[in-house]
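As stored in structure-v5.txt (compact mmCIF, C-alpha atoms):
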# COMPACT_ATOMS: atom_id res chain seq x y z
CA MET O 626 -81.30 293.86 68.41
CA HIS O 627 -78.83 293.63 65.53
CA GLU O 628 -81.65 292.29 63.35
CA TRP O 629 -81.90 295.87 62.09
CA ALA O 630 -78.28 295.91 61.01
CA ILE O 631 -78.73 292.60 59.20
CA ALA O 632 -81.84 293.85 57.42
CA MET O 633 -79.88 296.95 56.44
CA SER O 634 -77.10 294.80 55.01
CA VAL O 635 -79.60 292.97 52.80
CA ILE O 636 -81.28 296.20 51.69
CA GLN O 637 -77.95 297.79 50.74
CA THR O 638 -76.83 294.67 48.89
CA MET O 639 -80.07 294.39 46.92
CA GLU O 640 -80.13 298.12 46.13
CA LYS O 641 -76.66 297.83 44.64
CA TRP O 642 -77.57 294.63 42.80
CA ALA O 643 -80.69 296.20 41.26
CA LYS O 644 -78.89 299.39 40.24
CA GLU O 645 -75.99 297.54 38.64
CA ARG O 646 -78.38 295.53 36.49
CA GLY O 647 -81.01 298.18 35.92
CA VAL O 648 -83.78 295.93 37.17
CA ASN O 649 -86.81 296.28 39.36
CA ILE O 650 -86.92 293.85 42.29
CA MET O 651 -90.33 292.45 43.17
CA LYS O 652 -89.36 289.94 45.81
CA VAL O 653 -86.31 288.90 47.83
CA VAL O 654 -86.08 285.64 49.79
CA VAL O 655 -83.61 285.78 52.66
CA SER O 656 -82.61 282.82 54.81
CA LEU O 657 -81.05 282.91 58.26
CA PRO O 658 -79.30 280.03 60.00
CA SER O 659 -81.48 278.59 62.79
CA LEU O 660 -78.51 278.77 65.14
CA SER O 661 -78.53 282.57 65.20
CA MET O 662 -82.10 282.63 66.58
CA LEU O 663 -82.81 285.97 64.99
CA ASP O 664 -86.25 287.42 65.70
CA LEU O 665 -88.21 287.09 62.46
CA ASP O 666 -90.85 289.64 63.48
CA ILE O 667 -88.17 292.25 64.13
CA MET O 668 -86.53 291.36 60.80
CA ARG O 669 -89.82 291.79 58.94
CA ASP O 670 -90.53 295.11 60.65
CA ALA O 671 -87.01 296.29 59.90
CA PHE O 672 -87.39 295.49 56.20
CA LYS O 673 -90.73 297.29 56.09
CA ILE O 674 -89.24 300.47 57.54
CA LEU O 675 -85.77 300.40 55.99
CA LYS O 676 -86.95 299.87 52.41
CA LYS O 677 -88.87 303.17 52.44
CA ASN O 678 -87.41 305.78 50.10
CA THR O 679 -85.19 303.22 48.38
CA VAL O 680 -85.60 301.46 45.03
CA LEU O 681 -86.92 298.54 47.07
CA GLU O 682 -89.90 300.48 48.40
CA ASN O 683 -92.36 298.14 46.65
CA SER O 684 -90.35 294.93 46.98
CA GLU O 685 -91.55 292.09 49.14
CA PHE O 686 -89.12 290.57 51.64
CA GLU O 687 -89.63 286.98 52.65
CA VAL O 688 -87.53 285.88 55.62
CA ARG O 689 -87.10 282.24 56.53
CA VAL O 690 -85.02 280.16 58.85
CA ARG O 691 -82.94 277.33 57.46
CA ASP O 692 -81.78 274.30 59.44
CA THR O 693 -78.12 274.24 60.29
CA ASP O 694 -76.18 271.05 59.66
CA PHE O 695 -72.54 270.65 60.56
CA ASP O 696 -69.73 268.71 58.91
CA CYS O 697 -66.95 267.46 61.11
CA ARG O 698 -63.60 267.79 59.34
CA ASN O 699 -62.01 265.40 61.80
CA CYS O 700 -64.25 262.31 61.65
CA GLY O 701 -66.22 263.16 58.52
CA ARG O 702 -69.66 262.75 60.16
CA ARG O 703 -72.54 265.16 59.70
CA PHE O 704 -74.76 266.29 62.58
CA SER O 705 -77.64 268.64 63.23
CA LEU O 706 -78.06 271.59 65.55
CA GLU O 707 -80.38 269.45 67.66
CA GLU O 708 -77.48 267.12 68.44
CA ILE O 709 -75.34 269.85 69.98
CA LYS O 710 -78.13 271.90 71.52
CA ARG O 711 -77.43 270.62 75.02
CA GLN O 712 -73.81 271.74 74.75
CA LEU O 713 -74.90 275.18 73.63
CA SER O 714 -77.50 275.73 76.35
CA GLU O 715 -74.67 276.86 78.61
CA VAL O 716 -73.82 279.68 76.21
CA PHE O 717 -77.40 280.91 76.20
CA GLU O 718 -77.53 280.79 80.00
CA ASN O 719 -74.17 282.49 80.56
CA TYR O 720 -74.43 285.32 78.07
CA GLY O 721 -78.16 286.01 77.96
CA GLU O 722 -80.09 287.36 75.02
CA GLU O 723 -77.18 289.02 73.19
CA ASN O 724 -75.09 285.87 73.28
CA PRO O 725 -72.12 285.39 70.94
CA LEU O 726 -73.92 282.79 68.77
CA HIS O 727 -76.89 285.07 68.21
CA LEU O 728 -74.50 287.78 67.06
CA LEU O 729 -71.87 285.75 65.20
CA PRO O 730 -73.08 282.15 64.71
CA ALA O 731 -69.71 281.29 63.15
CA PHE O 732 -68.36 281.17 66.74
CA VAL O 733 -70.15 277.83 67.19
CA SER O 734 -67.10 275.56 66.83
CA SER O 735 -65.53 277.31 69.81
CA PHE O 736 -68.49 276.54 72.04
CA ALA O 737 -69.36 272.98 70.99
CA ARG O 738 -67.73 269.70 69.96
CA CYS O 739 -68.65 267.10 67.37
CA PRO O 740 -71.06 264.69 69.14
CA PHE O 741 -69.23 261.73 67.52
CA CYS O 742 -65.52 262.44 67.98
CA GLY O 743 -65.41 265.42 70.34
CA SER O 744 -63.54 267.71 67.94
CA HIS O 745 -64.02 271.46 67.61
CA ASP O 746 -63.08 271.12 63.95
CA PHE O 747 -66.47 271.32 62.23
CA THR O 748 -67.99 273.76 59.76
CA SER O 749 -71.33 274.92 58.44
CA GLU O 750 -72.82 277.61 56.22
CA LEU O 751 -73.83 280.21 58.78
CA SER O 752 -74.15 283.37 56.69
CA VAL O 753 -77.22 285.43 55.97
CA LEU O 754 -78.11 284.25 52.46
CA VAL O 755 -80.18 285.69 49.66
CA ASP O 756 -81.88 282.55 48.36
CA GLY O 757 -83.94 284.06 45.62
CA ILE O 758 -84.79 287.28 43.78
CA ASP O 759 -87.81 287.95 41.55
CA TYR O 760 -87.17 290.89 39.27
CA GLU O 761 -88.17 292.48 36.01
CA SER O 762 -86.33 294.69 33.60
CA ASP O 763 -86.76 298.41 34.25
CA ALA O 764 -87.25 299.24 30.57
CA MET Y 1489 -73.89 287.63 46.95
CA ASN Y 1490 -72.76 288.29 50.48
CA PRO Y 1491 -74.77 290.91 52.42
CA MET Y 1492 -72.30 291.05 55.33
CA LEU Y 1493 -69.38 291.79 52.99
CA GLU Y 1494 -71.33 294.49 51.15
CA PHE Y 1495 -72.43 296.01 54.43
CA ALA Y 1496 -68.87 296.05 55.76
CA ARG Y 1497 -67.56 297.60 52.55
CA LYS Y 1498 -70.11 300.36 52.66
CA LYS Y 1499 -69.42 300.99 56.34
CA PHE Y 1500 -65.67 301.44 55.86
CA SER Y 1501 -65.69 303.20 52.51
CA GLY Y 1502 -64.27 306.72 52.75
CA LYS Y 1503 -62.69 306.06 56.14
CA LYS Y 1504 -58.98 306.33 56.79
CA VAL Y 1505 -57.96 302.85 57.91
CA LEU Y 1506 -54.49 302.22 59.32
CA ALA Y 1507 -53.58 298.57 59.85
CA VAL Y 1508 -50.73 297.70 62.20
CA LEU Y 1509 -49.16 294.60 60.69
CA SER Y 1510 -46.29 292.21 61.08
CA SER Y 1511 -45.66 288.78 59.72
CA LYS Y 1512 -43.85 288.04 62.99
CA GLY Y 1513 -45.61 287.61 66.33
CA GLY Y 1514 -44.63 289.26 69.59
CA VAL Y 1515 -43.19 292.43 68.05
CA GLY Y 1516 -45.57 294.76 69.93
CA LYS Y 1517 -48.30 295.36 67.36
CA SER Y 1518 -51.13 295.62 69.90
CA THR Y 1519 -49.25 298.01 72.16
CA LEU Y 1520 -48.23 300.22 69.24
CA ALA Y 1521 -51.70 300.15 67.67
CA SER Y 1522 -53.23 301.08 71.03
CA LEU Y 1523 -50.74 303.90 71.71
CA LEU Y 1524 -51.22 305.22 68.20
CA ALA Y 1525 -54.99 305.16 68.60
CA LEU Y 1526 -54.73 306.90 71.99
CA SER Y 1527 -52.49 309.62 70.57
CA LEU Y 1528 -54.68 310.22 67.53
CA SER Y 1529 -57.77 310.35 69.73
CA GLU Y 1530 -56.31 313.38 71.48
CA MET Y 1531 -56.97 315.22 68.20
CA GLY Y 1532 -60.27 313.72 67.11
CA SER Y 1533 -62.51 310.68 67.26
CA VAL Y 1534 -60.77 307.40 66.50
CA ALA Y 1535 -61.90 303.78 66.42
CA LEU Y 1536 -59.58 300.93 67.38
CA LEU Y 1537 -60.54 297.49 66.04
CA ASP Y 1538 -58.85 294.41 67.39
CA LEU Y 1539 -58.79 291.82 64.59
CA ASP Y 1540 -56.27 289.61 66.35
CA ILE Y 1541 -59.12 287.25 67.09
CA TYR Y 1542 -57.08 284.51 68.79
CA GLY Y 1543 -54.68 286.73 70.64
CA ASN Y 1544 -56.92 289.65 71.65
CA SER Y 1545 -54.69 291.95 73.63
CA VAL Y 1546 -56.20 295.37 73.16
CA THR Y 1547 -58.90 294.99 75.80
CA LYS Y 1548 -56.33 293.55 78.22
CA LEU Y 1549 -54.07 296.57 77.67
CA PHE Y 1550 -56.92 298.86 78.72
CA GLY Y 1551 -58.18 296.61 81.54
CA MET Y 1552 -61.45 295.82 79.74
CA GLN Y 1553 -61.00 292.10 79.14
CA ASN Y 1554 -64.00 291.17 81.27
CA LYS Y 1555 -66.41 293.64 79.72
CA LEU Y 1556 -68.92 292.66 77.06
CA HIS Y 1557 -70.00 294.89 74.19
CA LYS Y 1558 -73.55 296.23 74.26
CA VAL Y 1559 -75.58 295.60 71.12
CA SER Y 1560 -78.04 298.14 69.75
CA LYS Y 1561 -80.12 298.46 66.60
CA GLU Y 1562 -77.00 299.79 64.90
CA GLY Y 1563 -74.93 296.78 65.92
CA ILE Y 1564 -72.01 296.26 68.30
CA GLU Y 1565 -71.43 299.34 70.45
CA PRO Y 1566 -67.82 300.22 71.36
CA PHE Y 1567 -66.09 300.55 74.70
CA LYS Y 1568 -65.43 304.27 75.08
CA LEU Y 1569 -62.35 306.03 76.41
CA LYS Y 1570 -62.97 309.72 75.80
CA LYS Y 1571 -62.70 310.06 72.01
CA LEU Y 1572 -61.45 306.53 71.49
CA SER Y 1573 -63.92 303.75 70.56
CA ILE Y 1574 -62.67 300.20 71.05
CA PHE Y 1575 -64.10 297.10 69.36
CA SER Y 1576 -62.86 293.61 70.14
CA ILE Y 1577 -63.98 290.02 69.60
CA ASN Y 1578 -63.01 289.63 73.23
CA GLY Y 1579 -65.92 291.93 74.02
CA LEU Y 1580 -68.29 289.42 72.42
CA ILE Y 1581 -67.11 286.17 73.98
CA GLY Y 1582 -65.43 287.38 77.17
CA ASP Y 1583 -62.15 286.13 78.56
CA ARG Y 1584 -62.08 282.63 77.00
CA TYR Y 1585 -60.42 280.81 74.12
CA LEU Y 1586 -61.55 280.87 70.52
CA ILE Y 1587 -60.89 278.16 67.94
CA LEU Y 1588 -62.23 278.45 64.40
CA PRO Y 1589 -61.93 276.54 61.13
CA GLY Y 1590 -60.69 278.80 58.31
CA SER Y 1591 -64.07 279.25 56.65
CA GLN Y 1592 -65.64 280.41 59.92
CA GLU Y 1593 -62.70 282.73 60.54
CA ARG Y 1594 -63.66 284.61 57.38
CA SER Y 1595 -67.26 284.81 58.52
CA VAL Y 1596 -66.34 286.02 62.03
CA VAL Y 1597 -64.04 288.80 60.80
CA GLU Y 1598 -66.44 289.90 58.07
CA SER Y 1599 -69.48 289.96 60.35
CA PHE Y 1600 -67.54 291.58 63.18
CA MET Y 1601 -66.48 294.44 60.91
CA ALA Y 1602 -69.93 294.70 59.34
CA LEU Y 1603 -71.81 294.73 62.65
CA SER Y 1604 -69.47 297.00 64.63
CA ASN Y 1605 -71.01 300.43 64.89
CA VAL Y 1606 -67.94 302.36 63.71
CA GLU Y 1607 -68.90 306.02 63.35
CA GLU Y 1608 -65.38 307.43 63.38
CA ASP Y 1609 -63.59 308.43 60.16
CA THR Y 1610 -60.21 307.26 61.39
CA VAL Y 1611 -59.81 303.58 62.21
CA ILE Y 1612 -56.74 301.82 63.61
CA ILE Y 1613 -56.68 298.05 63.17
CA ASP Y 1614 -54.62 295.72 65.32
CA MET Y 1615 -53.92 292.74 63.08
CA PRO Y 1616 -52.91 289.22 64.08
CA PRO Y 1617 -49.36 288.14 63.24
CA GLY Y 1618 -48.75 286.60 59.86
CA MET Y 1619 -50.60 286.72 56.60
CA GLY Y 1620 -53.78 284.74 56.32
CA GLU Y 1621 -57.53 284.93 56.38
CA GLU Y 1622 -57.75 288.06 58.54
CA LEU Y 1623 -55.52 290.07 56.19
CA LEU Y 1624 -57.39 288.82 53.13
CA THR Y 1625 -60.76 289.61 54.72
CA LEU Y 1626 -59.64 293.07 55.80
CA THR Y 1627 -58.39 293.93 52.32
CA ARG Y 1628 -61.55 292.49 50.75
CA ILE Y 1629 -63.52 295.01 52.79
CA VAL Y 1630 -61.30 298.09 52.67
CA LYS Y 1631 -57.95 299.21 51.32
CA PRO Y 1632 -55.96 300.04 54.45
CA GLU Y 1633 -52.69 301.85 54.82
CA ALA Y 1634 -50.20 299.48 56.44
CA ILE Y 1635 -47.80 300.23 59.26
CA VAL Y 1636 -45.34 297.35 59.42
CA VAL Y 1637 -43.64 296.45 62.68
CA THR Y 1638 -40.54 294.33 63.21
CA LEU Y 1639 -37.80 293.61 65.71
CA ALA Y 1640 -34.21 294.25 64.68
CA SER Y 1641 -33.40 290.54 64.87
CA LYS Y 1642 -32.35 288.87 61.61
CA LEU Y 1643 -35.12 286.33 62.02
CA SER Y 1644 -37.81 288.96 62.32
CA ILE Y 1645 -36.43 291.06 59.46
CA ASP Y 1646 -36.36 288.04 57.19
CA VAL Y 1647 -40.01 287.18 57.81
CA VAL Y 1648 -41.16 290.78 57.55
CA ARG Y 1649 -39.28 291.25 54.26
CA LYS Y 1650 -41.72 288.80 52.65
CA MET Y 1651 -44.69 290.71 53.98
CA LEU Y 1652 -43.33 293.97 52.55
CA GLU Y 1653 -42.98 292.23 49.20
CA TYR Y 1654 -46.61 291.08 49.35
CA LEU Y 1655 -47.89 294.51 50.38
CA LYS Y 1656 -46.03 296.17 47.53
CA GLU Y 1657 -47.27 293.64 45.01
CA SER Y 1658 -50.85 294.07 46.25
CA SER Y 1659 -50.56 297.87 46.10
CA ILE Y 1660 -51.32 298.23 49.79
CA ARG Y 1661 -49.84 301.58 50.71
CA THR Y 1662 -47.15 301.34 53.37
CA ARG Y 1663 -45.36 304.43 54.67
CA TYR Y 1664 -43.98 303.48 58.04
CA PHE Y 1665 -41.64 300.68 58.94
CA ILE Y 1666 -41.20 300.47 62.70
CA VAL Y 1667 -38.36 298.70 64.46
CA ASN Y 1668 -39.87 298.13 67.88
CA MET Y 1669 -37.96 297.42 71.09
CA ALA Y 1670 -34.76 298.23 69.19
CA TYR Y 1671 -32.77 299.65 72.11
CA ILE Y 1672 -32.77 300.18 75.86
CA LEU Y 1673 -31.53 303.45 77.28
CA SER Y 1674 -28.89 303.07 79.96
CA GLY Y 1675 -27.95 306.56 80.98
CA ASP Y 1676 -26.76 308.14 77.73
CA ARG Y 1677 -25.94 304.80 76.19
CA LYS Y 1678 -28.19 302.84 73.86
CA ILE Y 1679 -28.03 299.06 74.15
CA TYR Y 1680 -29.34 297.12 71.16
CA PRO Y 1681 -30.56 293.73 72.48
CA PHE Y 1682 -31.58 292.39 69.04
CA GLY Y 1683 -28.52 293.70 67.22
CA SER Y 1684 -28.01 296.60 64.85
CA VAL Y 1685 -30.88 298.18 62.92
CA GLU Y 1686 -28.81 298.29 59.73
CA GLU Y 1687 -30.79 295.56 57.98
CA ALA Y 1688 -34.03 297.35 58.79
CA GLU Y 1689 -32.54 300.54 57.36
CA ASN Y 1690 -31.64 298.75 54.15
CA LEU Y 1691 -35.12 297.29 53.88
CA SER Y 1692 -36.76 300.66 54.44
CA LYS Y 1693 -34.64 302.14 51.64
CA LEU Y 1694 -35.46 299.26 49.31
CA TYR Y 1695 -39.19 299.72 49.82
CA ASN Y 1696 -39.08 303.48 50.18
CA LEU Y 1697 -40.49 303.50 53.71
CA LYS Y 1698 -40.05 305.93 56.56
CA LEU Y 1699 -38.13 304.13 59.27
CA LYS Y 1700 -38.94 304.65 62.92
CA VAL Y 1701 -36.70 303.06 65.52
CA LEU Y 1702 -38.42 302.76 68.89
CA PRO Y 1703 -36.90 302.05 72.29
CA MET Y 1704 -37.94 299.38 74.72
CA ASP Y 1705 -39.59 301.00 77.73
CA PRO Y 1706 -39.55 298.68 80.77
CA GLU Y 1707 -41.94 301.12 82.47
CA ILE Y 1708 -44.75 300.15 80.13
CA SER Y 1709 -45.28 296.80 81.86
CA LYS Y 1710 -46.73 298.74 84.79
CA PHE Y 1711 -49.40 300.11 82.49
CA ILE Y 1712 -50.78 296.85 81.13
CA GLY Y 1713 -54.41 297.12 82.12
CA GLN Y 1714 -54.27 300.93 82.22
CA LEU Y 1715 -52.49 301.94 79.05
CA GLN Y 1716 -54.67 305.04 78.84
CA TYR Y 1717 -52.56 306.54 81.66
CA TYR Y 1718 -49.18 305.78 80.10
CA ASP Y 1719 -47.26 308.89 79.15
CA GLY Y 1720 -43.74 307.54 78.73
CA ILE Y 1721 -41.17 307.69 75.99
CA LEU Y 1722 -43.05 305.43 73.53
CA LYS Y 1723 -46.05 307.71 73.53
CA LYS Y 1724 -43.79 310.66 72.74
CA GLU Y 1725 -42.01 308.77 69.98
CA ILE Y 1726 -45.29 307.69 68.40
CA LYS Y 1727 -46.42 311.28 68.23
CA GLU Y 1728 -43.48 311.80 65.91
CA LEU Y 1729 -45.09 309.64 63.23
CA GLU Y 1730 -45.86 312.99 61.67
CA CYS Y 1731 -47.50 311.91 58.45
CA LEU Y 1732 -50.21 309.95 60.18
CA PHE Y 1733 -51.11 312.89 62.35
CA SER Y 1734 -50.96 315.55 59.67
CA ASP Y 1735 -53.29 313.43 57.52
CA LEU Y 1736 -55.83 313.48 60.29
CA LYS Y 1737 -55.70 317.25 60.59
CA LYS Y 1738 -56.75 317.67 56.96

Can you present the structure in this file as structure tokens?
Amino acid sequence: MHEWAIAMSVIQTMEKWAKERGVNIMKVVVSLPSLSMLDLDIMRDAFKILKKNTVLENSEFEVRVRDTDFDCRNCGRRFSLEEIKRQLSEVFENYGEENPLHLLPAFVSSFARCPFCGSHDFTSELSVLVDGIDYESDA
Amino acid sequence: MNPMLEFARKKFSGKKVLAVLSSKGGVGKSTLASLLALSLSEMGSVALLDLDIYGNSVTKLFGMQNKLHKVSKEGIEPFKLKKLSIFSINGLIGDRYLILPGSQERSVVESFMALSNVEEDTVIIDMPPGMGEELLTLTRIVKPEAIVVTLASKLSIDVVRKMLEYLKESSIRTRYFIVNMAYILSGDRKIYPFGSVEEAENLSKLYNLKLKVLPMDPEISKFIGQLQYYDGILKKEIKELECLFSDLKK
């Protein structure tokens, strides 16, 4: 459900960015961490509706999912989401659709351990990222 | 570019944000923040945000520690107590532990503030003890007014002195300096279990702060889990933090 709020955060950020630089945005590429399992159709609909009556009215929004890799700060190994999926299935079962990882994926180290050393001490880039912007000067 | 940070900034801009802080733990920040929020909510709508992500106490104080926040299109919906809206990380993960590397701590606090559907103009923030990521993230999002809490003990005063120095240097407005649990009333006599409040008085003069010396109320332990029904001496004393209340009336 909070896909709308996330779309709004991107719209507001891009509006400000465009205004500060006096540019016209043609396309924005947004990436979401696979862990958050955000609904891409809802995201796309939200962008379509929220951009109306803003400077982004004619901008295209491309939304994609990026794989999440984790770096263990304890043993130094890197692992993929796939490797901890079994550990996380409990979270999805216990909390249902609006589970904590869907809402705030940065919670992940509390709910899983490094598959190599068992530590909770691992990190990853789990933000909503703007990966690319196509724009042209307003003038 | 960080959409969650921008979103959080926009959400909190123009709001009056009061952060209850202390560089020392166990001085009663959560209880005071909650009582302050309750009192202010008798006059108008108030949001209470629990940013003490490892030591969430606010929901426990109100007996809501097993409830989970609902999520709508607008984001995380608060627990409601009349005109008080409560937001807590506890309401996202339930009654279990949280352990986060520093970088994820930033992300959790930022996203939590960005995604909480705070509609109220007055926001009370219960901060974790100490000065670290949560304080930096909060002040990256919004410029709060600080309310600093201490005990009268020399140890506590010494740690809090450094926080006051930081707040002043960072131009974070601080008006109130609260000495919590300073005395116990025994008949007409006041007993000061942590010693005299003289050092706190000196510190408040040095930093030009209003000093508020609060008693310890043993009765309050009966209200943990139902703080909304507490009407004892602390509640009355908190209502005397005049400035905070008169600001709200404007």

Next item on the list: List the neighbours of Arg702 in chain O out to 8 Å using only C-alpha atoms; skip same-chain residues closer than 5 positions along the sequence, and give me the result as a PyMOL selection string.
Entry: chain O and resi 696-697+741

Please write the residues from the selection above to a file, keeping C-alpha atoms, as a tab-separated table (two decimals), keeping the file's coordinate frame.
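Dumped to part.tsv:
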chain	number	residue	atom	x	y	z
O	696	ASP	CA	-69.73	268.71	58.91
O	697	CYS	CA	-66.95	267.46	61.11
O	741	PHE	CA	-69.23	261.73	67.52

Margin query: With all atoms listed in the file as the counted atoms, please give the residues lying no more than 12 Å from Lys676 in chain O, apart from itself and same-chain residues fewer than 6 positions off, as an NGL selection string.
Written below: :O and (629 or 632-640 or 650 or 653 or 668-670 or 682-686)

Margin query: So the first atom is CA of Ala1634 in chain Y and the second is CA of Lys1693 in chain Y; what is the distance between them in Å, to one decimal place?
Written below: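 Here the two named atoms are 16.5 Å from each other.
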
Residues of chain Y within 6 Å of chain O, counting only C-alpha atoms - could you list those as a compact mmCIF listing (two decimals) with C-alpha atoms, keeping the file's coordinate frame?
# COMPACT_ATOMS: atom_id res chain seq x y z
CA PRO Y 1491 -74.77 290.91 52.42
CA GLU Y 1494 -71.33 294.49 51.15
CA PHE Y 1495 -72.43 296.01 54.43
CA SER Y 1560 -78.04 298.14 69.75
CA LYS Y 1561 -80.12 298.46 66.60
CA GLU Y 1562 -77.00 299.79 64.90
CA GLY Y 1563 -74.93 296.78 65.92
CA LEU Y 1580 -68.29 289.42 72.42
CA ILE Y 1581 -67.11 286.17 73.98
CA LEU Y 1586 -61.55 280.87 70.52
CA ILE Y 1587 -60.89 278.16 67.94
CA GLN Y 1592 -65.64 280.41 59.92
CA VAL Y 1596 -66.34 286.02 62.03

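Minimum atom-to-atom distance to Thr693 in chain O, evaluated using all atoms listed in the file, belongs to O:Leu657 out of O:Ile674, O:Val648, O:Leu657, O:Leu665.
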
Next item on the list: Quote the spacing between CA of Met1704 in chain Y and CA of Ile1672 in chain Y in Å to one decimal place.
Entry: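 Interatomic distance here is 5.4 Å.
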
Check: Out of Y:Lys1558, Y:Arg1497, Y:Leu1722, Y:Met1552, which residue has the shortest atom-to-atom distance to Gly721 in chain O when counting all atoms listed in the file?
Finding: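 Under the stated criterion, the closest residue is Y:Lys1558.
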
Please provide as a compact mmCIF listing (two decimals) with C-alpha atoms, in the frame of the given file all residues within 10 Å of Gly1502 in chain Y, with the sequence filter that same-chain residues fewer than 3 positions apart are discarded (counting only C-alpha atoms).
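And here is the file that came out, out.txt:
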# COMPACT_ATOMS: atom_id res chain seq x y z
CA ARG Y 1497 -67.56 297.60 52.55
CA LYS Y 1498 -70.11 300.36 52.66
CA LYS Y 1499 -69.42 300.99 56.34
CA VAL Y 1505 -57.96 302.85 57.91
CA ASP Y 1609 -63.59 308.43 60.16
CA THR Y 1610 -60.21 307.26 61.39
CA VAL Y 1630 -61.30 298.09 52.67
CA LYS Y 1631 -57.95 299.21 51.32

Neighbours of point (-69.3, 298.8, 70.6) within 7 Å, using all atoms listed in the file, written as a PDB file with C-alpha atoms, keeping the file's coordinate frame:
ATOM      1  CA  HIS Y1557     -70.000 294.890  74.190  1.00  0.00           C
ATOM      2  CA  LYS Y1558     -73.550 296.230  74.260  1.00  0.00           C
ATOM      3  CA  ILE Y1564     -72.010 296.260  68.300  1.00  0.00           C
ATOM      4  CA  GLU Y1565     -71.430 299.340  70.450  1.00  0.00           C
ATOM      5  CA  PRO Y1566     -67.820 300.220  71.360  1.00  0.00           C
ATOM      6  CA  PHE Y1567     -66.090 300.550  74.700  1.00  0.00           C
ATOM      7  CA  ILE Y1574     -62.670 300.200  71.050  1.00  0.00           C
ATOM      8  CA  PHE Y1575     -64.100 297.100  69.360  1.00  0.00           C
ATOM      9  CA  SER Y1604     -69.470 297.000  64.630  1.00  0.00           C
ATOM     10  CA  ASN Y1605     -71.010 300.430  64.890  1.00  0.00           C
TER      11      ASN Y1605
END

Next item on the list: Go through Y:Glu1686, Y:Glu1593, Y:Asp1646, Y:Glu1730 one by one, measure the shortest atom-to-atom distance of each to Ser1510 in chain Y using all atoms listed in the file, and give the residue with the smallest value.
Entry: Y:Asp1646

Check: What is the CA of Pro1589 in chain Y-CA of Ile1613 in chain Y distance in Å, reported with one decimal?
Finding: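 Here the two named atoms are 22.2 Å from each other.
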
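Nearest to Arg1628 in chain Y of all the residues Y:Val1597, Y:Leu1556, Y:Met1531, Y:Leu1652 is Y:Val1597, counting all atoms listed in the file.
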